[in-house]
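Read through the structure below, which is laid out as structure tokens, and then see the notes.
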Number of protein chains: 4
Amino acid sequence: MISVAIIGGSGYTGKYIVKFCNEHPNIDEFVIYANKSANKTIYDVFPDLVGEVENSIIKNASDLVLSHDVYFFALPHGESLKYIPLLASNNKKIIDLGADFRLDSNETFLNTYKIDHPAPEYLTNKHYGLAEINDTYNYNLIANPGCYPTAALLSSIPVIKNNPINIQSISTVAYSGLSGAGKKATQSLLFSENYNSVKAYNVGSHRHEIEIAQELNKYGSNLNYSLTTHLLPVFSGIYSTTIIHLKNNVSQTEVNQMYNNQYQESTFVRVRETPPELRWVIETNYCDINAKCVDNKIIVTAAIDNLIKGASGQAMQNMNKLFGWEESLGIKSYKEEFQNV
Amino acid sequence: MISVAIIGGSGYTGKYIVKFCNEHPNIDEFVIYANKSANKTIYDVFPDLVGEVENSIIKNASDLVLSHDVYFFALPHGESLKYIPLLASNNKKIIDLGADFRLDSNETFLNTYKIDHPAPEYLTNKHYGLAEINDTYNYNLIANPGCYPTAALLSSIPVIKNNPINIQSISTVAYSGLSGAGKKATQSLLFSENYNSVKAYNVGSHRHEIEIAQELNKYGSNLNYSLTTHLLPVFSGIYSTTIIHLKNNVSQTEVNQMYNNQYQESTFVRVRETPPELRWVIETNYCDINAKCVDNKIIVTAAIDNLIKGASGQAMQNMNKLFGWEESLGIKSYKEEFQNV
Amino acid sequence: MISVAIIGGSGYTGKYIVKFCNEHPNIDEFVIYANKSANKTIYDVFPDLVGEVENSIIKNASDLVLSHDVYFFALPHGESLKYIPLLASNNKKIIDLGADFRLDSNETFLNTYKIDHPAPEYLTNKHYGLAEINDTYNYNLIANPGCYPTAALLSSIPVIKNNPINIQSISTVAYSGLSGAGKKATQSLLFSENYNSVKAYNVGSHRHEIEIAQELNKYGSNLNYSLTTHLLPVFSGIYSTTIIHLKNNVSQTEVNQMYNNQYQESTFVRVRETPPELRWVIETNYCDINAKCVDNKIIVTAAIDNLIKGASGQAMQNMNKLFGWEESLGIKSYKEEFQNV
Amino acid sequence: MISVAIIGGSGYTGKYIVKFCNEHPNIDEFVIYANKSANKTIYDVFPDLVGEVENSIIKNASDLVLSHDVYFFALPHGESLKYIPLLASNNKKIIDLGADFRLDSNETFLNTYKIDHPAPEYLTNKHYGLAEINDTYNYNLIANPGCYPTAALLSSIPVIKNNPINIQSISTVAYSGLSGAGKKATQSLLFSENYNSVKAYNVGSHRHEIEIAQELNKYGSNLNYSLTTHLLPVFSGIYSTTIIHLKNNVSQTEVNQMYNNQYQESTFVRVRETPPELRWVIETNYCDINAKCVDNKIIVTAAIDNLIKGASGQAMQNMNKLFGWEESLGIKSYKEEFQNV
């Protein structure tokens, strides 16, 4: 049984980490730390958790202690840099849901996030936790992938791994529910400004584009990649459509093989025969994927819950794998799982 | 041809006043004044009006001049009190979309809005502009009704006028789209906090309850009235359901007569044979009403667009009536209207 | 360990019964029967359940066998009458989520549902399964309450029990998500006909009004009750607002006591200090309730998930109580529950 | 003054044709013909038009007469083929909102729509009415572009015209509100099946892809084009994102020039400096476009109302241009327009 610290636990993502910890058979303590919500109770911040979890007082992030076994960070970028280097140097298990350790190079990090990284050695000594792809856990510091990268990378890697020199261009057009933008009071995030609407944002400059390109280029080289992100008028969920233009034709059969081979052992990726519907994955840790091939184009549609597979669920999956446990512990609640514990 | 001032013209309501002024055949100038949005252009504030209205710079509310013919105020309560007494003493035509002049008594105003009214003489020397009911315009200062009161009063008055001593209780349960709460950045108004949800608010203490009771009691006495308000996860629209319990039974035929008699000459009230659907009235100045009678209960359903019939549209209707013009000028754009001008 | 039959398991409600059975520690077999969906697989009908439950073929309802321990019926009204009398005469445990056994009298049933009841003896020899109120299970046939009645009765009974002669009128105005209308292809239920809209329906004639009045009159007599129902543009959830007009004033303190006394031992009713938000209860079996008192009026707001607390969740709760098990088994998945089994 | 026939006027698109005809200063008669809705009144079919248009009985499509001046067809594909050849041979002005005359070749039509075209001579002797691009009206038969093609072509043509040999690939990913699928009762179009969801459909096989490729190839050759379409959970609107990969870099300045040059005289295309928001164009005939250039990629976002710019509004625009009138007559209702008539 382990003790877990959740730092930045009062946001949309934090709530799911709390819920998953509460249901996890190997966790017997979880403590929430926050900045603005410190000294409030869990029930104050999440009225829907009344009766679901035991109530407790949220501690001040500055009172974080070294006695926990695992640390989940769900803070705005730059914030976790205050805590992680010390914990990492004590060899603590850390899962950072933020962006501070996702990029591999100090220079790219500086260009992208405009912060001079205080512990650049951990940019290389970390595990990029795309759970279905990066299966060997050599570090105790895990950079949990961004929500768009999770969908885009799971969509693209099976093709690129198998056709590194046949790729002409890769374009992901993705739509995210508004929870992805957090719950800070901002006029542009008001209900009245988004209902019945859609807008592209950060076109040509979304930081996740750099994260995706970094990972894709581990399988190919000089890949011509583009990510375009949009706000979808729903609470949660990402729907991503990736168009891969190839230099030569491939067959649907070959494409099916690439995806089935990659994901046949994956609990949380469901390869579909038709394009997924977003609602199939909401409130779950699944990534549903369909790849359709027409001549020299492959169109890959993928759906995830941005708060779960794109954040807290994948974080739990990473924790489970880091400990060598069944990867679905705490995340999937069906009976068999509990009978086997 | 007249010149119009729109003070507080950068909100959701303001946009419609701008649009209606732009289409009104007797208005050849409209000037927008605001506080926070001063010095921006109309196109900055309302990108959807590009090409629809001529662009101009929004003036500072403190630069308001006396040379306009009509003044529309769409300011938070308390704010218009800074301007209206001076304008009113100059006998200007004023339509206040806010709450500052709706209540009749200084004491009630103080209790309700916690402001000592600086010009209480205008609480009595004003016209409560419920356009279909209060048809004689004796004052140049018009208090435009609140959005909930518009729906609730148009729903209730036909019965109360005809049965003042037969009323046991009147309960309005109303749902409003979030635009009714304005566009100020507030966490509780975020998309993510309201999508897929509903909540009652200000239960037992909504200020509009006092406004409605005041007007209803002009037709009955000691009426037992209750208003309960909710946020509906749409942009605009109010759906109100009013349950009138009677001491004795009435027939459906009698009820139909009350509503038909009241509204047969009204351009903007459509008496329906079935409960209205909210979408029928969105983007229009209509109030659609159905009254269903079962024994000693009358259930009245009504739908309006809160920003139009509940605010800017009724304001234009009041202006038209104040000038003695056809009440639909500027609001309904169909051909016949323009051919007759 | 028991075997469960789910008849009519391919609708929105059926899916949740499947999920709850799948997670229930005392159920080791569940078989789905249906009419139109017979011979399809669970995965065909519920693509989101892939990987969540074991796949199996849906059987034809006409092949229903007597060897199961519990039978859940989720059929349109009139349909379960073909099966239940035989099962009941074999003293099987039956939970009918439909309306066929909710009313107590054959005459009322005929007037309301236009069907001459083939087994009227079970209209009296049944348990009306409002789980928090009717706590003694004397019969193996359980009529699971309607969705609106669940919200309206849990809202009203605490007051009526304590004030049977002080009630002047009770009016419930309730809004339901569209899943309540089922998934039959009907033009009026299309997305395009309901988005951005609201409509009242069956005004003055909703069958649930009769069901609610029947149960309320067990606590008072000749109560003046009214239910008005609306379609809310969300998938699931009921928000109900009940206005109780009293002959004499009561205090907020007295009202709080009535609700706290009634529900302090209830796992699934959460008495709230503010009006609930619908999203707090979605995907749960909770009924969240707030009662606000102003002079001689009590305004009770309540929120439930119509498919869970208003149907499948309450059905599981009833099954658990019928067997004398912890009422939350299978419905709440948090850790402690499973550790105690 | 002219007389207009609207055939298939009872759908979502038909309603807007009725509204625009009603407001058009040069139309003094419009007659609605339909199949299923024949003998109903306009008010029966469109309750929201009560008081907005004069009521009349919808005629049977089989009673269509030759005495009208203009014919708008809004029928399912294949249906207008029964009427148009006769009308066209009488040299009537015809605007077909359906797909029957959009493709240029009989063979492509047969492959795409599985119908042997009965009047293939009109596939060439017709005007493809992309109003901002194809400005010379040589034929009285106008094929009104599909909704996706309108957005995709207005997005792509400015670049392709100026860089025909520099294009590597063009991919449009577009989302449409559900009104695009019509109002036929179909389970997959139910509110409950689409709320809170998104799905790609007809991936790799959408007929509009062929229509778009046909038109694009008039400016380039062998363009590598891909269209992927999705259902967006709103009533109306299309948001399209087109990724153009180039062989060589271009500058943002050059890109701006292409769009500004193309559309500077266009009333209904608004070139934006930021990606448009869908709500800016809803209920209007505008297409709002932004083109963002990054190295060798151009990302073009465009928003239209699928029922207006993507159907009925562009149809009116085409009618106006065919008659040599101001193209905004009937579509934009602002004052100046009517003063100039």
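Going by the structure tokens order, chains are called A, B, ..., each with residues numbered from 1, while ligands are numbered from 1 in the order shown.
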Residues of chain B within 7 Å of chain A, counting only C-alpha atoms - could you list those as a VMD selection string?
chain B and resid 178 to 179 183 to 187 189 to 192 194 to 195 234 to 235
Residue selection dump (all heavy atoms) as a compact mmCIF listing (two decimals), in the first residue's frame:
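To be explicit, this is the file written out as result.txt:
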```
# COMPACT_ATOMS: atom_id res chain seq x y z
N LEU B 178 -27.72 31.53 -20.57
CA LEU B 178 -26.69 32.18 -19.78
C LEU B 178 -26.37 33.60 -20.19
O LEU B 178 -25.74 34.34 -19.43
CB LEU B 178 -25.41 31.34 -19.77
CG LEU B 178 -25.47 30.30 -18.67
CD1 LEU B 178 -25.81 28.94 -19.22
CD2 LEU B 178 -24.19 30.28 -17.88
N SER B 179 -26.78 34.02 -21.37
CA SER B 179 -26.52 35.41 -21.75
C SER B 179 -27.18 36.38 -20.77
O SER B 179 -26.73 37.51 -20.62
CB SER B 179 -27.03 35.67 -23.18
OG SER B 179 -28.42 35.46 -23.25
N LYS B 183 -21.56 39.14 -19.77
CA LYS B 183 -20.30 38.55 -20.24
C LYS B 183 -19.09 38.88 -19.39
O LYS B 183 -17.95 38.86 -19.85
CB LYS B 183 -20.05 38.83 -21.74
CG LYS B 183 -19.95 40.22 -22.21
CD LYS B 183 -19.40 40.21 -23.68
CE LYS B 183 -20.11 41.20 -24.56
NZ LYS B 183 -19.49 41.45 -25.84
N LYS B 184 -19.34 39.13 -18.13
CA LYS B 184 -18.22 39.35 -17.22
C LYS B 184 -17.52 38.01 -16.93
O LYS B 184 -18.16 36.99 -16.75
CB LYS B 184 -18.75 39.93 -15.90
CG LYS B 184 -17.69 40.69 -15.10
CD LYS B 184 -18.26 41.25 -13.81
CE LYS B 184 -17.21 41.20 -12.70
NZ LYS B 184 -17.81 41.23 -11.36
N ALA B 185 -16.20 38.04 -16.89
CA ALA B 185 -15.44 36.82 -16.62
C ALA B 185 -15.70 36.36 -15.18
O ALA B 185 -15.29 37.03 -14.23
CB ALA B 185 -13.95 37.06 -16.84
N THR B 186 -16.39 35.25 -15.03
CA THR B 186 -16.76 34.71 -13.72
C THR B 186 -16.69 33.20 -13.81
O THR B 186 -17.18 32.62 -14.77
CB THR B 186 -18.22 35.11 -13.38
OG1 THR B 186 -18.40 36.50 -13.60
CG2 THR B 186 -18.56 34.78 -11.94
N GLN B 187 -16.07 32.58 -12.83
CA GLN B 187 -15.88 31.12 -12.93
C GLN B 187 -17.21 30.39 -13.08
O GLN B 187 -17.33 29.45 -13.87
CB GLN B 187 -15.12 30.59 -11.71
CG GLN B 187 -14.60 29.18 -11.92
CD GLN B 187 -13.91 28.63 -10.69
OE1 GLN B 187 -14.50 28.47 -9.63
NE2 GLN B 187 -12.63 28.35 -10.82
N LEU B 189 -19.75 31.10 -14.57
CA LEU B 189 -20.38 31.26 -15.89
C LEU B 189 -19.57 30.62 -17.01
O LEU B 189 -19.92 30.73 -18.18
CB LEU B 189 -20.60 32.74 -16.20
CG LEU B 189 -21.50 33.51 -15.23
CD1 LEU B 189 -21.58 34.98 -15.65
CD2 LEU B 189 -22.90 32.91 -15.18
N LEU B 190 -18.47 29.94 -16.64
CA LEU B 190 -17.67 29.29 -17.68
C LEU B 190 -18.47 28.22 -18.42
O LEU B 190 -19.36 27.59 -17.84
CB LEU B 190 -16.43 28.62 -17.05
CG LEU B 190 -15.36 29.55 -16.48
CD1 LEU B 190 -14.19 28.73 -15.94
CD2 LEU B 190 -14.88 30.55 -17.53
N PHE B 191 -18.11 28.00 -19.64
CA PHE B 191 -18.73 26.92 -20.40
C PHE B 191 -18.65 25.60 -19.64
O PHE B 191 -19.64 24.89 -19.47
CB PHE B 191 -18.03 26.77 -21.77
CG PHE B 191 -18.70 25.76 -22.65
CD1 PHE B 191 -19.65 26.17 -23.56
CD2 PHE B 191 -18.41 24.41 -22.56
CE1 PHE B 191 -20.31 25.25 -24.36
CE2 PHE B 191 -19.06 23.48 -23.35
CZ PHE B 191 -20.01 23.90 -24.26
N SER B 192 -17.44 25.30 -19.15
CA SER B 192 -17.21 24.01 -18.51
C SER B 192 -18.01 23.83 -17.21
O SER B 192 -18.20 22.72 -16.75
CB SER B 192 -15.72 23.84 -18.20
OG SER B 192 -14.98 23.75 -19.41
N ASN B 194 -21.14 24.89 -16.90
CA ASN B 194 -22.58 24.95 -17.17
C ASN B 194 -23.07 23.97 -18.23
O ASN B 194 -24.26 23.66 -18.28
CB ASN B 194 -22.97 26.37 -17.59
CG ASN B 194 -22.92 27.32 -16.44
OD1 ASN B 194 -23.84 27.36 -15.62
ND2 ASN B 194 -21.83 28.08 -16.32
N TYR B 195 -22.14 23.52 -19.08
CA TYR B 195 -22.55 22.58 -20.12
C TYR B 195 -23.10 21.34 -19.44
O TYR B 195 -22.57 20.88 -18.44
CB TYR B 195 -21.34 22.20 -20.97
CG TYR B 195 -21.66 21.28 -22.13
CD1 TYR B 195 -22.37 21.75 -23.22
CD2 TYR B 195 -21.25 19.96 -22.12
CE1 TYR B 195 -22.65 20.92 -24.30
CE2 TYR B 195 -21.53 19.12 -23.19
CZ TYR B 195 -22.23 19.60 -24.27
OH TYR B 195 -22.50 18.77 -25.33
N VAL B 234 -28.14 27.05 -22.60
CA VAL B 234 -28.20 27.59 -23.97
C VAL B 234 -27.74 29.05 -23.88
O VAL B 234 -27.61 29.59 -22.79
CB VAL B 234 -29.61 27.52 -24.59
CG1 VAL B 234 -30.13 26.08 -24.63
CG2 VAL B 234 -30.59 28.42 -23.85
N PHE B 235 -27.50 29.68 -25.01
CA PHE B 235 -27.06 31.06 -25.00
C PHE B 235 -28.18 32.01 -24.59
O PHE B 235 -28.06 32.76 -23.63
CB PHE B 235 -26.52 31.46 -26.38
CG PHE B 235 -26.18 32.91 -26.51
CD1 PHE B 235 -25.14 33.46 -25.78
CD2 PHE B 235 -26.91 33.75 -27.34
CE1 PHE B 235 -24.82 34.81 -25.87
CE2 PHE B 235 -26.60 35.11 -27.45
CZ PHE B 235 -25.56 35.63 -26.72
```
Helix (DSSP H, G or I) positions in region 71-116 of chain D, given as a ChimeraX atom specification:
/D:80-82,84-89,106-113
Need the shell around region 79-81 of chain B: protein/DNA/RNA residues with any atom at most 8 Å away, counting only C-alpha atoms. Skip same-chain ones fewer than 5 positions apart. Format as a PyMOL selection string?
chain B and resi 73+96+98+100+118-119
Can you list, as an MDAnalysis selection string, all residues belonging to region 217-271 of chain B that DSSP tags as strand (DSSP E or B)?
chainID B and resid 225:232 238:246 269:271
Judged by only C-alpha atoms, the minimum distance to Thr284 (chain D) among D:Ala315, D:Ile331, D:Leu227, D:Ile212 is found for D:Ile331
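Taking CA of Ser3 (chain C) and CA of Glu327 (chain C) as the two end points, the separation is 18.0 Å.
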Which polymer residues have any atom within 8 Å of an atom of Gln317 (chain A), counting only C-alpha atoms, with same-chain residues fewer than 3 positions away left out, as JSON, numbers by chain?
{"A": [131, 313, 314, 320, 321, 327, 328, 329, 331]}
For Leu246 (chain D), please output as number ranges by chain all residues within 8 Å (counting only C-alpha atoms; exclusion window: fewer than 2 positions along the same chain).
D: 166-169, 244, 248-249, 296-298
If you measure from CA of Tyr71 (chain D) to CA of Lys92 (chain D), what distance in Å do you get, rounded to one decimal?
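Computing the Euclidean distance for CA of Tyr71 (chain D) and CA of Lys92 (chain D) yields 7.7 Å.
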Find the spatial neighbours of Phe101 (chain A), counting only C-alpha atoms, within a cut-off of 12 Å - ignore same-chain residues fewer than 6 positions away - and output them as JSON, numbers by chain.
{"A": [73, 77, 78, 79, 80, 81, 84, 85, 88, 94, 95, 108, 109, 110, 113, 115, 117, 118, 119, 120, 121, 122, 123, 124, 125, 126, 127, 128, 129, 141, 142, 143, 144, 145, 146, 211]}
Name the residues in contact with Glu54 (chain B) at a cut-off of 9 Å, using only C-alpha atoms, excluding same-chain residues fewer than 5 positions from it; report them as a PyMOL selection string.
chain B and resi 22+42-43+49
Residue among C:His245, C:Thr13, C:Ile7, C:Leu216 lying closest to Val65 (chain C), counting only C-alpha atoms
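Result for the nearest residue to Val65 (chain C): C:Ile7.
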Figure out the distance between CA of Met1 (chain C) and CA of Lys59 (chain C), please, to one decimal in Å.
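Answer for the CA of Lys59 (chain C) to CA of Met1 (chain C) separation: 21.7 Å.
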